[in-house]
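Peer 1: The following file, start-v2.cif, comprises mmCIF, N, CA and C atoms:
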data_work
loop_
_atom_site.label_atom_id
_atom_site.label_comp_id
_atom_site.auth_asym_id
_atom_site.auth_seq_id
_atom_site.Cartn_x
_atom_site.Cartn_y
_atom_site.Cartn_z
N MET A 1 224.27 64.98 111.14
CA MET A 1 225.17 63.90 110.82
C MET A 1 224.58 62.56 111.25
N THR A 2 223.98 62.54 112.46
CA THR A 2 223.39 61.30 112.97
C THR A 2 222.21 60.89 112.11
N LYS A 3 221.43 61.88 111.63
CA LYS A 3 220.29 61.57 110.77
C LYS A 3 220.77 60.97 109.45
N ALA A 4 221.84 61.53 108.91
CA ALA A 4 222.38 61.02 107.65
C ALA A 4 222.89 59.58 107.83
N PHE A 5 223.57 59.33 108.96
CA PHE A 5 224.06 57.98 109.23
C PHE A 5 222.88 57.02 109.37
N GLY A 6 221.86 57.43 110.09
CA GLY A 6 220.67 56.60 110.27
C GLY A 6 219.99 56.31 108.95
N PHE A 7 219.89 57.32 108.09
CA PHE A 7 219.28 57.14 106.78
C PHE A 7 220.08 56.13 105.95
N CYS A 8 221.41 56.27 105.97
CA CYS A 8 222.28 55.36 105.22
C CYS A 8 222.15 53.93 105.75
N LEU A 9 222.06 53.80 107.06
CA LEU A 9 221.92 52.48 107.67
C LEU A 9 220.60 51.83 107.25
N VAL A 10 219.52 52.59 107.31
CA VAL A 10 218.21 52.07 106.90
C VAL A 10 218.23 51.71 105.42
N LEU A 11 218.84 52.56 104.60
CA LEU A 11 218.93 52.29 103.17
C LEU A 11 219.72 51.01 102.91
N LEU A 12 220.84 50.86 103.59
CA LEU A 12 221.68 49.67 103.43
C LEU A 12 220.91 48.42 103.84
N LEU A 13 220.22 48.48 104.96
CA LEU A 13 219.44 47.32 105.42
C LEU A 13 218.30 47.00 104.47
N THR A 14 217.69 48.02 103.90
CA THR A 14 216.60 47.81 102.95
C THR A 14 217.12 47.13 101.69
N VAL A 15 218.24 47.60 101.16
CA VAL A 15 218.82 47.01 99.96
C VAL A 15 219.24 45.58 100.24
N THR A 16 219.87 45.34 101.39
CA THR A 16 220.31 44.00 101.75
C THR A 16 219.11 43.08 101.93
N ALA A 17 218.06 43.58 102.54
CA ALA A 17 216.88 42.77 102.78
C ALA A 17 216.19 42.41 101.46
N ARG A 18 216.32 43.27 100.46
CA ARG A 18 215.66 43.03 99.19
C ARG A 18 216.46 42.09 98.29
N ALA A 19 217.74 41.89 98.60
CA ALA A 19 218.56 41.01 97.79
C ALA A 19 218.08 39.57 97.94
N MET A 20 218.03 38.89 96.84
CA MET A 20 217.59 37.50 96.84
C MET A 20 218.77 36.60 97.20
N ASP A 21 218.50 35.54 97.93
CA ASP A 21 219.55 34.57 98.22
C ASP A 21 220.05 34.00 96.89
N ASP A 22 221.35 34.01 96.71
CA ASP A 22 221.94 33.54 95.45
C ASP A 22 222.19 32.04 95.52
N THR A 23 221.11 31.29 95.53
CA THR A 23 221.20 29.83 95.58
C THR A 23 221.00 29.27 94.18
N PRO A 24 221.45 28.04 93.94
CA PRO A 24 221.20 27.42 92.63
C PRO A 24 219.70 27.36 92.30
N GLU A 25 218.88 27.11 93.32
CA GLU A 25 217.44 27.03 93.10
C GLU A 25 216.88 28.38 92.65
N ASN A 26 217.30 29.46 93.32
CA ASN A 26 216.83 30.80 92.93
C ASN A 26 217.34 31.20 91.56
N ARG A 27 218.57 30.81 91.25
CA ARG A 27 219.10 31.11 89.92
C ARG A 27 218.27 30.42 88.84
N ILE A 28 217.96 29.15 89.07
CA ILE A 28 217.16 28.41 88.10
C ILE A 28 215.77 29.01 87.97
N LEU A 29 215.15 29.34 89.09
CA LEU A 29 213.83 29.96 89.07
C LEU A 29 213.84 31.26 88.28
N GLN A 30 214.84 32.09 88.52
CA GLN A 30 214.92 33.38 87.81
C GLN A 30 215.32 33.19 86.35
N ALA A 31 216.13 32.19 86.06
CA ALA A 31 216.47 31.89 84.66
C ALA A 31 215.20 31.46 83.91
N GLU A 32 214.35 30.68 84.56
CA GLU A 32 213.08 30.28 83.95
C GLU A 32 212.18 31.49 83.71
N ARG A 33 212.16 32.42 84.66
CA ARG A 33 211.39 33.66 84.46
C ARG A 33 211.92 34.43 83.26
N TYR A 34 213.24 34.51 83.15
CA TYR A 34 213.85 35.22 82.02
C TYR A 34 213.45 34.54 80.71
N LEU A 35 213.49 33.22 80.68
CA LEU A 35 213.16 32.51 79.44
C LEU A 35 211.68 32.60 79.11
N GLN A 36 210.84 32.88 80.10
CA GLN A 36 209.43 33.16 79.81
C GLN A 36 209.30 34.55 79.19
N ALA A 37 210.11 35.49 79.68
CA ALA A 37 210.07 36.85 79.14
C ALA A 37 210.70 36.92 77.75
N VAL A 38 211.73 36.12 77.53
CA VAL A 38 212.44 36.07 76.25
C VAL A 38 212.43 34.62 75.79
N PRO A 39 211.31 34.17 75.22
CA PRO A 39 211.21 32.76 74.83
C PRO A 39 212.27 32.38 73.78
N PRO A 40 213.00 31.30 74.03
CA PRO A 40 214.04 30.90 73.08
C PRO A 40 213.52 30.69 71.66
N GLY A 41 212.31 30.16 71.53
CA GLY A 41 211.74 29.95 70.20
C GLY A 41 211.60 31.25 69.42
N GLU A 42 211.12 32.29 70.10
CA GLU A 42 210.98 33.59 69.44
C GLU A 42 212.35 34.20 69.13
N LEU A 43 213.29 34.04 70.04
CA LEU A 43 214.64 34.54 69.83
C LEU A 43 215.28 33.86 68.63
N LEU A 44 215.14 32.54 68.55
CA LEU A 44 215.70 31.78 67.43
C LEU A 44 215.02 32.15 66.12
N GLN A 45 213.72 32.38 66.17
CA GLN A 45 212.97 32.78 64.98
C GLN A 45 213.49 34.12 64.45
N SER A 46 213.72 35.05 65.35
CA SER A 46 214.23 36.37 64.97
C SER A 46 215.64 36.25 64.39
N MET A 47 216.48 35.44 65.05
CA MET A 47 217.85 35.25 64.56
C MET A 47 217.85 34.57 63.19
N THR A 48 216.95 33.60 63.02
CA THR A 48 216.85 32.90 61.74
C THR A 48 216.46 33.87 60.64
N LYS A 49 215.45 34.70 60.91
CA LYS A 49 215.00 35.66 59.90
C LYS A 49 216.13 36.61 59.53
N GLN A 50 216.83 37.09 60.53
CA GLN A 50 217.95 38.01 60.28
C GLN A 50 219.02 37.34 59.44
N SER A 51 219.37 36.10 59.77
CA SER A 51 220.40 35.38 59.03
C SER A 51 219.95 35.07 57.61
N VAL A 52 218.72 34.62 57.47
CA VAL A 52 218.19 34.25 56.16
C VAL A 52 218.12 35.46 55.24
N ASP A 53 217.75 36.59 55.79
CA ASP A 53 217.63 37.81 54.97
C ASP A 53 218.96 38.23 54.35
N MET A 54 220.08 37.83 54.95
CA MET A 54 221.40 38.21 54.43
C MET A 54 221.96 37.20 53.43
N MET A 55 221.25 36.08 53.23
CA MET A 55 221.73 35.03 52.33
C MET A 55 221.20 35.23 50.92
N PRO A 56 221.85 34.60 49.94
CA PRO A 56 221.32 34.65 48.57
C PRO A 56 219.92 34.03 48.55
N LEU A 57 219.07 34.57 47.72
CA LEU A 57 217.67 34.12 47.66
C LEU A 57 217.53 32.61 47.44
N ASP A 58 218.39 32.02 46.60
CA ASP A 58 218.27 30.60 46.31
C ASP A 58 218.63 29.70 47.50
N GLN A 59 219.27 30.23 48.52
CA GLN A 59 219.64 29.44 49.70
C GLN A 59 218.74 29.69 50.90
N GLN A 60 217.92 30.72 50.85
CA GLN A 60 217.11 31.11 52.00
C GLN A 60 216.13 30.03 52.45
N ALA A 61 215.43 29.42 51.53
CA ALA A 61 214.41 28.43 51.90
C ALA A 61 215.03 27.22 52.59
N ILE A 62 216.15 26.73 52.08
CA ILE A 62 216.81 25.55 52.66
C ILE A 62 217.28 25.86 54.08
N TYR A 63 217.90 27.01 54.24
CA TYR A 63 218.44 27.40 55.54
C TYR A 63 217.30 27.61 56.54
N LYS A 64 216.27 28.29 56.13
CA LYS A 64 215.14 28.54 57.03
C LYS A 64 214.48 27.21 57.41
N ASP A 65 214.33 26.32 56.44
CA ASP A 65 213.74 25.01 56.70
C ASP A 65 214.56 24.24 57.72
N MET A 66 215.89 24.26 57.55
CA MET A 66 216.78 23.55 58.46
C MET A 66 216.61 24.06 59.89
N LEU A 67 216.60 25.36 60.05
CA LEU A 67 216.52 25.93 61.39
C LEU A 67 215.14 25.81 62.02
N THR A 68 214.11 25.89 61.22
CA THR A 68 212.77 25.86 61.82
C THR A 68 212.24 24.45 62.02
N LYS A 69 212.64 23.52 61.18
CA LYS A 69 212.10 22.16 61.29
C LYS A 69 212.99 21.21 62.08
N HIS A 70 214.28 21.43 62.07
CA HIS A 70 215.19 20.46 62.64
C HIS A 70 215.88 20.91 63.92
N LEU A 71 215.67 22.13 64.31
CA LEU A 71 216.32 22.66 65.50
C LEU A 71 215.52 22.29 66.74
N ASP A 72 216.17 21.74 67.73
CA ASP A 72 215.52 21.33 68.97
C ASP A 72 215.47 22.53 69.93
N VAL A 73 214.37 23.25 69.89
CA VAL A 73 214.21 24.46 70.68
C VAL A 73 214.24 24.15 72.18
N GLU A 74 213.69 23.01 72.56
CA GLU A 74 213.70 22.64 73.98
C GLU A 74 215.12 22.39 74.48
N ALA A 75 215.94 21.77 73.65
CA ALA A 75 217.33 21.53 74.04
C ALA A 75 218.06 22.86 74.17
N ILE A 76 217.80 23.78 73.26
CA ILE A 76 218.45 25.09 73.33
C ILE A 76 217.97 25.85 74.57
N ALA A 77 216.69 25.75 74.88
CA ALA A 77 216.15 26.40 76.08
C ALA A 77 216.85 25.86 77.33
N GLN A 78 217.09 24.56 77.38
CA GLN A 78 217.77 23.95 78.53
C GLN A 78 219.22 24.42 78.60
N ILE A 79 219.87 24.50 77.45
CA ILE A 79 221.25 25.00 77.41
C ILE A 79 221.30 26.44 77.91
N MET A 80 220.36 27.24 77.46
CA MET A 80 220.31 28.65 77.88
C MET A 80 220.06 28.76 79.38
N LYS A 81 219.12 27.97 79.89
CA LYS A 81 218.80 28.01 81.32
C LYS A 81 220.02 27.63 82.15
N ASN A 82 220.73 26.59 81.72
CA ASN A 82 221.93 26.17 82.45
C ASN A 82 223.00 27.26 82.42
N ALA A 83 223.21 27.85 81.25
CA ALA A 83 224.24 28.89 81.13
C ALA A 83 223.85 30.15 81.90
N LEU A 84 222.57 30.52 81.85
CA LEU A 84 222.11 31.68 82.60
C LEU A 84 222.33 31.48 84.09
N SER A 85 221.91 30.32 84.60
CA SER A 85 222.00 30.08 86.04
C SER A 85 223.45 29.89 86.48
N LYS A 86 224.33 29.52 85.57
CA LYS A 86 225.75 29.38 85.91
C LYS A 86 226.45 30.74 85.95
N ASN A 87 226.10 31.64 85.05
CA ASN A 87 226.86 32.87 84.86
C ASN A 87 226.27 34.12 85.51
N PHE A 88 225.02 34.08 85.91
CA PHE A 88 224.38 35.25 86.51
C PHE A 88 223.89 34.91 87.90
N SER A 89 223.89 35.91 88.76
CA SER A 89 223.33 35.72 90.10
C SER A 89 221.81 35.73 90.02
N ALA A 90 221.17 35.29 91.08
CA ALA A 90 219.71 35.29 91.13
C ALA A 90 219.17 36.71 90.96
N ASP A 91 219.81 37.69 91.62
CA ASP A 91 219.36 39.08 91.49
C ASP A 91 219.52 39.60 90.07
N GLU A 92 220.63 39.25 89.42
CA GLU A 92 220.84 39.69 88.04
C GLU A 92 219.79 39.08 87.11
N LEU A 93 219.52 37.81 87.30
CA LEU A 93 218.50 37.15 86.47
C LEU A 93 217.12 37.74 86.73
N LYS A 94 216.84 38.06 87.98
CA LYS A 94 215.56 38.69 88.31
C LYS A 94 215.43 40.03 87.60
N ALA A 95 216.51 40.81 87.64
CA ALA A 95 216.49 42.12 86.97
C ALA A 95 216.28 41.96 85.46
N LEU A 96 216.96 40.99 84.87
CA LEU A 96 216.78 40.74 83.43
C LEU A 96 215.35 40.32 83.12
N ALA A 97 214.82 39.40 83.91
CA ALA A 97 213.45 38.94 83.70
C ALA A 97 212.45 40.08 83.89
N ASP A 98 212.68 40.88 84.92
CA ASP A 98 211.79 42.03 85.16
C ASP A 98 211.82 43.00 83.98
N PHE A 99 213.02 43.29 83.49
CA PHE A 99 213.13 44.25 82.39
C PHE A 99 212.52 43.68 81.11
N TYR A 100 212.98 42.51 80.70
CA TYR A 100 212.50 41.97 79.42
C TYR A 100 211.05 41.53 79.47
N GLY A 101 210.51 41.34 80.66
CA GLY A 101 209.09 41.04 80.80
C GLY A 101 208.22 42.28 80.84
N SER A 102 208.84 43.45 80.98
CA SER A 102 208.09 44.71 81.04
C SER A 102 207.71 45.18 79.63
N PRO A 103 206.75 46.08 79.52
CA PRO A 103 206.40 46.62 78.20
C PRO A 103 207.60 47.28 77.50
N VAL A 104 208.42 48.00 78.25
CA VAL A 104 209.59 48.65 77.64
C VAL A 104 210.58 47.58 77.16
N GLY A 105 210.82 46.58 77.96
CA GLY A 105 211.74 45.51 77.58
C GLY A 105 211.25 44.75 76.36
N LYS A 106 209.95 44.47 76.31
CA LYS A 106 209.38 43.78 75.14
C LYS A 106 209.52 44.63 73.89
N SER A 107 209.30 45.92 74.04
CA SER A 107 209.45 46.83 72.91
C SER A 107 210.89 46.87 72.43
N ALA A 108 211.83 46.90 73.37
CA ALA A 108 213.25 46.92 73.02
C ALA A 108 213.63 45.63 72.28
N MET A 109 213.14 44.50 72.74
CA MET A 109 213.47 43.23 72.09
C MET A 109 212.96 43.18 70.65
N LYS A 110 211.80 43.76 70.41
CA LYS A 110 211.25 43.77 69.05
C LYS A 110 212.14 44.58 68.10
N LYS A 111 212.86 45.54 68.65
CA LYS A 111 213.72 46.40 67.83
C LYS A 111 215.14 45.86 67.71
N PHE A 112 215.46 44.82 68.47
CA PHE A 112 216.84 44.36 68.52
C PHE A 112 217.32 43.81 67.19
N SER A 113 216.49 43.08 66.46
CA SER A 113 216.95 42.53 65.19
C SER A 113 217.22 43.64 64.17
N ALA A 114 216.42 44.69 64.20
CA ALA A 114 216.67 45.83 63.30
C ALA A 114 217.98 46.51 63.69
N TYR A 115 218.23 46.64 64.97
CA TYR A 115 219.48 47.21 65.46
C TYR A 115 220.66 46.38 64.98
N MET A 116 220.56 45.06 65.13
CA MET A 116 221.65 44.18 64.69
C MET A 116 221.83 44.25 63.17
N ARG A 117 220.74 44.29 62.45
CA ARG A 117 220.81 44.39 60.99
C ARG A 117 221.51 45.68 60.57
N ASP A 118 221.26 46.76 61.29
CA ASP A 118 221.88 48.05 60.97
C ASP A 118 223.35 48.13 61.40
N SER A 119 223.70 47.47 62.49
CA SER A 119 225.06 47.63 63.02
C SER A 119 226.01 46.48 62.69
N ALA A 120 225.52 45.27 62.56
CA ALA A 120 226.40 44.11 62.40
C ALA A 120 227.32 44.20 61.18
N PRO A 121 226.83 44.58 60.00
CA PRO A 121 227.75 44.64 58.86
C PRO A 121 228.89 45.64 59.06
N ALA A 122 228.59 46.80 59.62
CA ALA A 122 229.63 47.81 59.84
C ALA A 122 230.61 47.34 60.93
N ILE A 123 230.11 46.71 61.95
CA ILE A 123 230.98 46.18 63.01
C ILE A 123 231.87 45.09 62.44
N GLN A 124 231.31 44.22 61.62
CA GLN A 124 232.09 43.15 61.00
C GLN A 124 233.19 43.74 60.12
N THR A 125 232.90 44.80 59.39
CA THR A 125 233.89 45.47 58.55
C THR A 125 235.03 46.02 59.41
N GLU A 126 234.69 46.66 60.53
CA GLU A 126 235.71 47.22 61.42
C GLU A 126 236.57 46.12 62.03
N VAL A 127 235.97 45.02 62.41
CA VAL A 127 236.73 43.90 62.99
C VAL A 127 237.65 43.31 61.92
N SER A 128 237.16 43.18 60.69
CA SER A 128 238.00 42.67 59.60
C SER A 128 239.18 43.59 59.33
N LYS A 129 238.95 44.91 59.36
CA LYS A 129 240.05 45.86 59.16
C LYS A 129 241.08 45.73 60.28
N ALA A 130 240.62 45.61 61.51
CA ALA A 130 241.54 45.47 62.64
C ALA A 130 242.33 44.18 62.52
N PHE A 131 241.68 43.10 62.10
CA PHE A 131 242.36 41.82 61.94
C PHE A 131 243.43 41.93 60.85
N ALA A 132 243.12 42.57 59.74
CA ALA A 132 244.09 42.74 58.65
C ALA A 132 245.29 43.56 59.13
N LYS A 133 245.03 44.62 59.89
CA LYS A 133 246.12 45.45 60.42
C LYS A 133 246.97 44.65 61.40
N ALA A 134 246.34 43.83 62.21
CA ALA A 134 247.08 43.00 63.17
C ALA A 134 247.96 41.99 62.43
N GLN A 135 247.43 41.41 61.35
CA GLN A 135 248.23 40.47 60.55
C GLN A 135 249.43 41.17 59.93
N GLN A 136 249.21 42.38 59.42
CA GLN A 136 250.31 43.15 58.83
C GLN A 136 251.38 43.47 59.89
N ALA A 137 250.93 43.86 61.05
CA ALA A 137 251.87 44.20 62.13
C ALA A 137 252.65 42.96 62.56
N ALA A 138 251.98 41.82 62.64
CA ALA A 138 252.65 40.58 63.03
C ALA A 138 253.67 40.17 61.97
N ALA A 139 253.32 40.32 60.70
CA ALA A 139 254.24 39.98 59.62
C ALA A 139 255.46 40.91 59.66
N ALA A 140 255.22 42.20 59.89
CA ALA A 140 256.33 43.16 59.96
C ALA A 140 257.23 42.85 61.15
N ALA A 141 256.65 42.49 62.25
CA ALA A 141 257.43 42.16 63.44
C ALA A 141 258.25 40.89 63.21
N ALA A 142 257.67 39.92 62.52
CA ALA A 142 258.38 38.68 62.24
C ALA A 142 259.57 38.93 61.31
N MET A 143 259.39 39.84 60.37
CA MET A 143 260.48 40.15 59.43
C MET A 143 261.59 40.94 60.13
N ALA A 144 261.26 41.65 61.17
CA ALA A 144 262.24 42.47 61.89
C ALA A 144 263.15 41.64 62.80
N ILE A 145 262.76 40.42 63.08
CA ILE A 145 263.56 39.55 63.95
C ILE A 145 264.78 39.09 63.15
N PRO A 146 265.97 39.29 63.69
CA PRO A 146 267.18 38.85 62.97
C PRO A 146 267.13 37.34 62.71
N LYS A 147 267.73 36.93 61.60
CA LYS A 147 267.71 35.53 61.18
C LYS A 147 268.29 34.61 62.25
N ALA A 148 269.26 35.04 62.98
CA ALA A 148 269.88 34.21 64.02
C ALA A 148 268.86 33.89 65.13
N GLU A 149 267.97 34.83 65.44
CA GLU A 149 266.97 34.61 66.49
C GLU A 149 265.87 33.70 66.02
N LYS A 150 265.60 33.66 64.71
CA LYS A 150 264.51 32.83 64.18
C LYS A 150 264.82 31.35 64.29
N LYS A 151 266.11 30.99 64.28
CA LYS A 151 266.47 29.56 64.31
C LYS A 151 266.41 29.09 65.69
#
What does this structure look like when you write it as structure tokens?
Peer 2:
Amino acid sequence: MTKAFGFCLVLLLTVTARAMDDTPENRILQAERYLQAVPPGELLQSMTKQSVDMMPLDQQAIYKDMLTKHLDVEAIAQIMKNALSKNFSADELKALADFYGSPVGKSAMKKFSAYMRDSAPAIQTEVSKAFAKAQQAAAAAAMAIPKAEKK
């Protein structure tokens, strides 16, 4: 029992010692590491390609031109860095940067647009069906309210 307690204590101290101080500076540093692992320009390029591929052919060139020539990637990178450092701890950002900077993480990111292309239309259909059902339920509930209560 004493050995188990000692092991748990050492494990707890090791985990605590490995935790990064969650300071604004560390968050920004780790957010920058994440953005190096997942460059905003590449992310936007992938999103643009995915969006353009779903548009009518006659509109694809204009849309792609707008996003690639007129989009301020540096401004978006700054927005992302600010949002990352606001919403995630330094340890969480470190874990994200470590994963997406690894060979497995890079491989996963390359497959993400195909995953979204395969799942997004079906998910959108399901959300639309749920929204239609919610509208029907709301209309039915509104009709069930006696006229005296409506006034």
Peer 1: Apply the PyMOL selection byres ((chain A and resi 85-101) around 5) to the displayed file and report the matching residues as a list in words.
Peer 2: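 That expression, the PyMOL selection byres ((chain A and resi 85-101) around 5), corresponds here to Asp22, Asn26, Arg27, Gln30, Arg33, Tyr34, Ala37, Lys81, Asn82, Ala83, Leu84, Ser102, Pro103, Gly105 and Lys106 of chain A.
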Peer 1: For region 63-75 of chain A, work out the shell of residues within 6.5 Å, counting all atoms listed in the file and skipping chain neighbours fewer than 3 positions away, then give it as a ChimeraX atom specification.
Peer 2: /A:40-41,52,59-60,78-80
Peer 1: Next, the residues of the selection above should be written as a PDB file, keeping the file's coordinate frame with N, CA and C atoms.
Peer 2:
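The new file result00.pdb reads:
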ATOM      1  N   PRO A  40     213.000  31.300  74.030  1.00  0.00           N
ATOM      2  CA  PRO A  40     214.040  30.900  73.080  1.00  0.00           C
ATOM      3  C   PRO A  40     213.520  30.690  71.660  1.00  0.00           C
ATOM      4  N   GLY A  41     212.310  30.160  71.530  1.00  0.00           N
ATOM      5  CA  GLY A  41     211.740  29.950  70.200  1.00  0.00           C
ATOM      6  C   GLY A  41     211.600  31.250  69.420  1.00  0.00           C
ATOM      7  N   VAL A  52     218.720  34.620  57.470  1.00  0.00           N
ATOM      8  CA  VAL A  52     218.190  34.250  56.160  1.00  0.00           C
ATOM      9  C   VAL A  52     218.120  35.460  55.240  1.00  0.00           C
ATOM     10  N   GLN A  59     219.270  30.230  48.520  1.00  0.00           N
ATOM     11  CA  GLN A  59     219.640  29.440  49.700  1.00  0.00           C
ATOM     12  C   GLN A  59     218.740  29.690  50.900  1.00  0.00           C
ATOM     13  N   GLN A  60     217.920  30.720  50.850  1.00  0.00           N
ATOM     14  CA  GLN A  60     217.110  31.110  52.000  1.00  0.00           C
ATOM     15  C   GLN A  60     216.130  30.030  52.450  1.00  0.00           C
ATOM     16  N   GLN A  78     217.090  24.560  77.380  1.00  0.00           N
ATOM     17  CA  GLN A  78     217.770  23.950  78.530  1.00  0.00           C
ATOM     18  C   GLN A  78     219.220  24.420  78.600  1.00  0.00           C
ATOM     19  N   ILE A  79     219.870  24.500  77.450  1.00  0.00           N
ATOM     20  CA  ILE A  79     221.250  25.000  77.410  1.00  0.00           C
ATOM     21  C   ILE A  79     221.300  26.440  77.910  1.00  0.00           C
ATOM     22  N   MET A  80     220.360  27.240  77.460  1.00  0.00           N
ATOM     23  CA  MET A  80     220.310  28.650  77.880  1.00  0.00           C
ATOM     24  C   MET A  80     220.060  28.760  79.380  1.00  0.00           C
TER      25      MET A  80
END
Peer 1: How far is it from CA of Met116 (chain A) to CA of Met54 (chain A), in Å with one decimal?
Peer 2: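 Distance between the two atoms: 11.9 Å.
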Peer 1: Nearest residue to Met109 (chain A) out of A:Glu42, A:Asp58, A:Asp53, A:Glu126, using only C-alpha atoms?
Peer 2: A:Glu42
Peer 1: To one decimal place in Å, what is the distance between CA of Gln36 (chain A) and CA of Asp21 (chain A)?
Peer 2: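 The value is 21.1 Å.
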Peer 1: With 3 Å of padding per side, what axis-aligned box (centre and edge lengths, Å, one decimal) covers all the listed atoms of region 23-33 of chain A? Give it as AutoDock Vina command-line options.
Peer 2:
--center_x 216.4 --center_y 30.7 --center_z 89.4 --size_x 16.1 --size_y 13.4 --size_z 18.3
Peer 1: If I take atom C of Ser51 (chain A) and atom C of Pro39 (chain A), how far is one from the other in Å, to one decimal?
Peer 2: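 Going from atom C of Ser51 (chain A) over to atom C of Pro39 (chain A), I get 18.1 Å.
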Peer 1: Region 112-124 of chain A from the block above, C-alpha atoms, as a PDB file, in the first residue's frame, please?
Peer 2:
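And here is the file that came out, selection.pdb:
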ATOM      1  CA  PHE A 112      -9.224  16.480 -43.401  1.00  0.00           C
ATOM      2  CA  SER A 113     -10.606  18.184 -46.513  1.00  0.00           C
ATOM      3  CA  ALA A 114     -11.572  14.808 -47.991  1.00  0.00           C
ATOM      4  CA  TYR A 115     -13.258  13.934 -44.705  1.00  0.00           C
ATOM      5  CA  MET A 116     -15.184  17.215 -44.748  1.00  0.00           C
ATOM      6  CA  ARG A 117     -16.109  16.747 -48.404  1.00  0.00           C
ATOM      7  CA  ASP A 118     -17.488  13.284 -47.586  1.00  0.00           C
ATOM      8  CA  SER A 119     -19.346  14.247 -44.409  1.00  0.00           C
ATOM      9  CA  ALA A 120     -20.413  17.897 -44.732  1.00  0.00           C
ATOM     10  CA  PRO A 121     -23.255  17.437 -47.253  1.00  0.00           C
ATOM     11  CA  ALA A 122     -24.844  14.615 -45.238  1.00  0.00           C
ATOM     12  CA  ILE A 123     -24.446  16.539 -41.982  1.00  0.00           C
ATOM     13  CA  GLN A 124     -25.982  19.621 -43.588  1.00  0.00           C
TER      14      GLN A 124
END
